[in-house]
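Contents: one structure, followed by commentary.
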Amino acid sequence: MENKKLIEMAIEARDNSSYTPYSNFKVGAAVEMEDGSVYSGGNIEISSYSPTNCAERTAIFKAVSEGHREIKKIAIVSSGGETFPCGVCRQVIREFGKDVQIIIATTPEDYKVFTLEELLPHSFGPEDLGVKNV
């Protein structure tokens, strides 16, 4: 899928799926899996914040719950300009794809593409536990 379309899906998730009554900081993500399937999600916050779920994890967990395990790329947009995935989200992305393209966008035309290695150098993954092809 072209990056612009994936970003548009992330924007739609941000605008329609985010639940942010406390911070009003909306984030949307759309993840394309290796088989071409796409899942999207928004961030979901609750009043005690700790159990809040980021948009990236919402989208990835939807894909994983449907049996998809290899991320090709993920687009992330927010209501506050460029927003990068938090540390927890970077580790979740790493679990399901070491060679992922991470697209940080403000609009479908204004975006930057990063590798996971750029955002999470020297990462820890399944192979560090002796597991392959999880």
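Letters A, B, ... mark the chains of the structure tokens in the order given; residue numbers begin at 1 per chain; ligand numbers begin at 1, in order shown.
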Can you list, as a VMD selection string, every residue of region 13-132 of chain A that DSSP puts in helix (DSSP H, G or I)?
chain A and resid 13 to 17 55 to 65 87 to 95 116 to 119 126 to 129
Print the selection's residues with N, CA, C and O atoms to a file, as a short mmCIF file (atom, residue, chain, number, x, y, z; two decimals), in the first residue's frame.
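Below is the file part_37.cif, written as the result:
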```cif
data_model
loop_
_atom_site.label_atom_id
_atom_site.label_comp_id
_atom_site.auth_asym_id
_atom_site.auth_seq_id
_atom_site.Cartn_x
_atom_site.Cartn_y
_atom_site.Cartn_z
N ALA A 13 -8.51 6.92 11.72
CA ALA A 13 -8.52 6.29 13.06
C ALA A 13 -8.38 7.34 14.15
O ALA A 13 -9.07 7.29 15.17
N ARG A 14 -7.48 8.30 13.93
CA ARG A 14 -7.31 9.39 14.91
C ARG A 14 -8.62 10.15 15.11
O ARG A 14 -9.05 10.40 16.23
N ASP A 15 -9.27 10.48 14.00
CA ASP A 15 -10.48 11.30 14.06
C ASP A 15 -11.71 10.54 14.55
O ASP A 15 -12.60 11.14 15.15
N ASN A 16 -11.77 9.23 14.30
CA ASN A 16 -12.99 8.48 14.59
C ASN A 16 -12.86 7.41 15.66
O ASN A 16 -13.87 6.94 16.17
N SER A 17 -11.64 7.00 16.01
CA SER A 17 -11.47 5.89 16.95
C SER A 17 -10.84 6.29 18.28
O SER A 17 -10.91 5.53 19.23
N ALA A 55 -2.37 4.25 20.24
CA ALA A 55 -2.94 3.90 18.95
C ALA A 55 -2.14 2.81 18.25
O ALA A 55 -2.71 1.91 17.63
N GLU A 56 -0.81 2.88 18.35
CA GLU A 56 0.03 1.89 17.69
C GLU A 56 -0.27 0.48 18.21
O GLU A 56 -0.43 -0.46 17.44
N ARG A 57 -0.35 0.36 19.52
CA ARG A 57 -0.65 -0.95 20.10
C ARG A 57 -2.06 -1.40 19.79
O ARG A 57 -2.29 -2.59 19.56
N THR A 58 -3.01 -0.46 19.75
CA THR A 58 -4.38 -0.84 19.39
C THR A 58 -4.39 -1.48 18.01
O THR A 58 -4.95 -2.56 17.82
N ALA A 59 -3.77 -0.81 17.04
CA ALA A 59 -3.75 -1.33 15.66
C ALA A 59 -3.00 -2.66 15.58
O ALA A 59 -3.47 -3.62 14.95
N ILE A 60 -1.83 -2.73 16.19
CA ILE A 60 -1.03 -3.96 16.14
C ILE A 60 -1.75 -5.11 16.82
O ILE A 60 -1.80 -6.23 16.29
N PHE A 61 -2.33 -4.87 17.99
CA PHE A 61 -3.01 -5.95 18.70
C PHE A 61 -4.24 -6.44 17.94
O PHE A 61 -4.57 -7.62 17.99
N LYS A 62 -4.91 -5.54 17.22
CA LYS A 62 -6.02 -5.98 16.37
C LYS A 62 -5.51 -6.95 15.30
O LYS A 62 -6.11 -7.99 15.05
N ALA A 63 -4.38 -6.59 14.67
CA ALA A 63 -3.80 -7.46 13.63
C ALA A 63 -3.38 -8.81 14.22
O ALA A 63 -3.69 -9.87 13.66
N VAL A 64 -2.69 -8.77 15.33
CA VAL A 64 -2.19 -10.00 15.95
C VAL A 64 -3.37 -10.88 16.39
O VAL A 64 -3.34 -12.10 16.22
N SER A 65 -4.43 -10.25 16.90
CA SER A 65 -5.58 -11.04 17.34
C SER A 65 -6.29 -11.73 16.17
O SER A 65 -7.03 -12.68 16.36
N GLY A 87 8.19 4.28 24.12
CA GLY A 87 9.09 3.14 24.27
C GLY A 87 8.38 1.80 24.26
O GLY A 87 8.84 0.84 23.65
N VAL A 88 7.24 1.73 24.93
CA VAL A 88 6.48 0.47 24.96
C VAL A 88 6.02 0.11 23.55
O VAL A 88 6.14 -1.04 23.12
N CYS A 89 5.52 1.09 22.81
CA CYS A 89 5.07 0.83 21.44
C CYS A 89 6.23 0.42 20.54
O CYS A 89 6.08 -0.46 19.68
N ARG A 90 7.38 1.02 20.73
CA ARG A 90 8.55 0.63 19.93
C ARG A 90 8.90 -0.84 20.19
O ARG A 90 9.24 -1.57 19.26
N GLN A 91 8.78 -1.27 21.43
CA GLN A 91 9.08 -2.66 21.74
C GLN A 91 8.02 -3.60 21.15
O GLN A 91 8.35 -4.67 20.67
N VAL A 92 6.76 -3.19 21.16
CA VAL A 92 5.70 -4.00 20.55
C VAL A 92 5.91 -4.08 19.04
O VAL A 92 5.79 -5.16 18.45
N ILE A 93 6.24 -2.96 18.41
CA ILE A 93 6.55 -2.98 16.98
C ILE A 93 7.69 -3.96 16.72
O ILE A 93 7.64 -4.78 15.80
N ARG A 94 8.72 -3.92 17.54
CA ARG A 94 9.89 -4.80 17.40
C ARG A 94 9.52 -6.27 17.49
O ARG A 94 10.05 -7.12 16.78
N GLU A 95 8.58 -6.58 18.35
CA GLU A 95 8.15 -7.98 18.52
C GLU A 95 7.63 -8.57 17.22
O GLU A 95 7.82 -9.74 16.94
N LEU A 116 13.06 0.95 12.30
CA LEU A 116 12.99 0.64 13.72
C LEU A 116 14.37 0.78 14.35
O LEU A 116 14.50 1.27 15.48
N GLU A 117 15.41 0.42 13.63
CA GLU A 117 16.78 0.55 14.15
C GLU A 117 17.10 2.00 14.50
O GLU A 117 17.80 2.25 15.47
N GLU A 118 16.57 2.94 13.73
CA GLU A 118 16.80 4.36 14.04
C GLU A 118 16.10 4.77 15.33
O GLU A 118 16.61 5.59 16.08
N LEU A 119 14.92 4.21 15.59
CA LEU A 119 14.14 4.59 16.76
C LEU A 119 14.38 3.71 17.98
O LEU A 119 14.10 4.13 19.10
N PRO A 126 12.64 -11.60 19.98
CA PRO A 126 12.45 -13.03 20.17
C PRO A 126 13.73 -13.85 20.00
O PRO A 126 13.97 -14.81 20.74
N GLU A 127 14.55 -13.45 19.02
CA GLU A 127 15.79 -14.23 18.79
C GLU A 127 16.75 -14.16 19.96
O GLU A 127 17.58 -15.04 20.15
N ASP A 128 16.63 -13.11 20.77
CA ASP A 128 17.49 -13.02 21.97
C ASP A 128 17.10 -14.07 23.02
O ASP A 128 17.88 -14.36 23.91
N LEU A 129 15.92 -14.62 22.86
CA LEU A 129 15.46 -15.69 23.74
C LEU A 129 15.58 -17.06 23.07
O LEU A 129 15.07 -18.05 23.59
#
```
Give the answer as one residue: which of A:Ser78, A:Asn3, A:Thr107, A:Ser47 has the shortest atom-to-atom distance to Val27 (chain A), using only C-alpha atoms?
A:Ser78
Gap from CA of Thr83 (chain A) to CA of Thr106 (chain A) - Å, one decimal:
8.6 Å
Given only C-alpha atoms as the basis, pick out the residue of A:Ile71, A:Gly36, A:Asp110, A:Cys54 nearest to Phe84 (chain A).
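Using only C-alpha atoms, the shortest distance to Phe84 (chain A) belongs to A:Cys54.
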Skip Ile76 (chain A) itself and residues of its chain fewer than 5 positions away, then list as a list in words all residues within 6 Å of it, counting only C-alpha atoms.
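Close residues of Ile76 (chain A): Gly28, Ala29 and Ile104 of chain A.
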Those same residues, written as a PDB file, in the first residue's frame with all heavy atoms?
```
ATOM      1  N   GLY A  28      -3.740   8.396  15.949  1.00  0.00           N
ATOM      2  CA  GLY A  28      -4.232   7.310  15.109  1.00  0.00           C
ATOM      3  C   GLY A  28      -3.062   6.578  14.493  1.00  0.00           C
ATOM      4  O   GLY A  28      -2.014   7.167  14.240  1.00  0.00           O
ATOM      5  N   ALA A  29      -3.258   5.298  14.267  1.00  0.00           N
ATOM      6  CA  ALA A  29      -2.224   4.480  13.630  1.00  0.00           C
ATOM      7  C   ALA A  29      -2.877   3.514  12.654  1.00  0.00           C
ATOM      8  O   ALA A  29      -4.006   3.074  12.872  1.00  0.00           O
ATOM      9  CB  ALA A  29      -1.428   3.705  14.670  1.00  0.00           C
ATOM     10  N   ILE A 104       5.985   8.727  10.290  1.00  0.00           N
ATOM     11  CA  ILE A 104       5.519   9.763  11.206  1.00  0.00           C
ATOM     12  C   ILE A 104       4.974  10.885  10.335  1.00  0.00           C
ATOM     13  O   ILE A 104       5.721  11.495   9.565  1.00  0.00           O
ATOM     14  CB  ILE A 104       6.665  10.277  12.105  1.00  0.00           C
ATOM     15  CG1 ILE A 104       7.377   9.117  12.821  1.00  0.00           C
ATOM     16  CG2 ILE A 104       6.146  11.339  13.076  1.00  0.00           C
ATOM     17  CD1 ILE A 104       6.493   8.290  13.732  1.00  0.00           C
TER      18      ILE A 104
END
```
Among listed residues A:Asn43, A:Ser123, A:Thr52, A:Ser79, nearest Ala30 (chain A) (using only C-alpha atoms):
A:Asn43
Test item, strand (DSSP E or B) assignment across region 19-128 of chain A, answer as a PyMOL selection string
chain A and resi 19+27-33+38-42+44+53+71-78+101-105+111-115
Pick from A:Lys112, A:Pro21, A:Asn53, A:Asp99, whichever lies nearest to Glu34 (chain A) using only C-alpha atoms:
A:Asp99
Between CA of Lys73 (chain A) and CA of Leu6 (chain A), what distance in Å does the model show, to one decimal?
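These two atoms are separated by 8.9 Å.
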Proximity to Phe25 (chain A) - best of A:Pro121, A:Pro51, A:Pro85, A:Gly80, only C-alpha atoms:
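For Phe25 (chain A), the nearest of the given residues is A:Gly80.
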Would you compute the distance between CA of Tyr22 (chain A) and CA of Ile74 (chain A)? Give it in Å to one decimal.
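Those two atoms sit 25.7 Å apart.
Once Ser23 (chain A) and its same-chain neighbours fewer than 5 positions away are set aside, Glu45, Ile46, Ser47 and Tyr49 of chain A remain within 10 Å of it when counting only C-alpha atoms.
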Take the residues that were just selected and, keeping C-alpha atoms, output them as a compact mmCIF listing (two decimals), in the first residue's frame.
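Written file, selection19.txt:
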```txt
# COMPACT_ATOMS: atom_id res chain seq x y z
CA GLU A 45 -7.35 6.61 27.63
CA ILE A 46 -9.15 6.16 30.90
CA SER A 47 -9.17 8.30 34.01
CA TYR A 49 -4.06 6.74 32.76
```
Set the distance at 9 Å and use only C-alpha atoms: which residues neighbour Asp35 (chain A) once local chain neighbours fewer than 5 positions away are removed? I'd like the list as an mmCIF file with all heavy atoms, in the first residue's frame.
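The new file part.cif reads:
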```cif
data_model
loop_
_atom_site.group_PDB
_atom_site.id
_atom_site.type_symbol
_atom_site.label_atom_id
_atom_site.label_comp_id
_atom_site.auth_asym_id
_atom_site.auth_seq_id
_atom_site.Cartn_x
_atom_site.Cartn_y
_atom_site.Cartn_z
ATOM 1 N N HIS A 68 -2.250 -12.249 12.320
ATOM 2 C CA HIS A 68 -1.159 -11.658 11.535
ATOM 3 C C HIS A 68 0.010 -11.342 12.461
ATOM 4 O O HIS A 68 -0.173 -10.778 13.533
ATOM 5 C CB HIS A 68 -1.642 -10.398 10.828
ATOM 6 C CG HIS A 68 -2.822 -10.660 9.951
ATOM 7 N ND1 HIS A 68 -2.694 -11.195 8.692
ATOM 8 C CD2 HIS A 68 -4.150 -10.505 10.171
ATOM 9 C CE1 HIS A 68 -3.905 -11.344 8.165
ATOM 10 N NE2 HIS A 68 -4.802 -10.931 9.051
ATOM 11 N N GLU A 70 3.521 -10.338 11.158
ATOM 12 C CA GLU A 70 4.676 -9.632 10.602
ATOM 13 C C GLU A 70 4.278 -8.265 10.067
ATOM 14 O O GLU A 70 3.582 -8.156 9.077
ATOM 15 C CB GLU A 70 5.301 -10.463 9.474
ATOM 16 C CG GLU A 70 5.936 -11.747 9.968
ATOM 17 C CD GLU A 70 6.593 -12.514 8.843
ATOM 18 O OE1 GLU A 70 7.329 -11.888 8.055
ATOM 19 O OE2 GLU A 70 6.369 -13.728 8.761
ATOM 20 N N ILE A 71 4.766 -7.223 10.742
ATOM 21 C CA ILE A 71 4.489 -5.853 10.324
ATOM 22 C C ILE A 71 5.416 -5.461 9.176
ATOM 23 O O ILE A 71 6.616 -5.697 9.232
ATOM 24 C CB ILE A 71 4.706 -4.873 11.488
ATOM 25 C CG1 ILE A 71 3.769 -5.186 12.654
ATOM 26 C CG2 ILE A 71 4.516 -3.430 11.023
ATOM 27 C CD1 ILE A 71 4.079 -4.376 13.904
ATOM 28 N N LYS A 72 4.824 -4.834 8.161
ATOM 29 C CA LYS A 72 5.603 -4.265 7.063
ATOM 30 C C LYS A 72 5.875 -2.782 7.337
ATOM 31 O O LYS A 72 6.997 -2.321 7.241
ATOM 32 C CB LYS A 72 4.837 -4.432 5.749
ATOM 33 C CG LYS A 72 5.557 -3.896 4.545
ATOM 34 C CD LYS A 72 4.764 -4.194 3.285
ATOM 35 C CE LYS A 72 5.481 -3.672 2.060
ATOM 36 N NZ LYS A 72 4.699 -3.940 0.830
#
```
Would you mind telling me which residue in A:Gly97, A:Ile11, A:Ser18, A:Ile44 lies nearest to Phe124 (chain A) when using only C-alpha atoms?
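Nearest to Phe124 (chain A): A:Gly97.
Once Glu109 (chain A) and its same-chain neighbours fewer than 6 positions away are set aside, Asn3, Lys4, Ile7 and Glu8 of chain A remain within 10 Å of it when counting only C-alpha atoms.
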Suppose we keep N, CA and C atoms; can you now write the selection as a CSV table (one decimal), in the first residue's frame?
```csv
chain,number,residue,atom,x,y,z
A,3,ASN,N,2.2,4.9,1.0
A,3,ASN,CA,2.3,5.6,2.3
A,3,ASN,C,1.1,6.5,2.5
A,4,LYS,N,0.7,7.3,1.4
A,4,LYS,CA,-0.3,8.3,1.6
A,4,LYS,C,-1.6,7.6,2.0
A,7,ILE,N,-1.4,6.6,5.6
A,7,ILE,CA,-1.5,7.8,6.5
A,7,ILE,C,-3.0,8.3,6.6
A,8,GLU,N,-3.7,8.2,5.4
A,8,GLU,CA,-5.1,8.6,5.5
A,8,GLU,C,-5.9,7.7,6.4
```
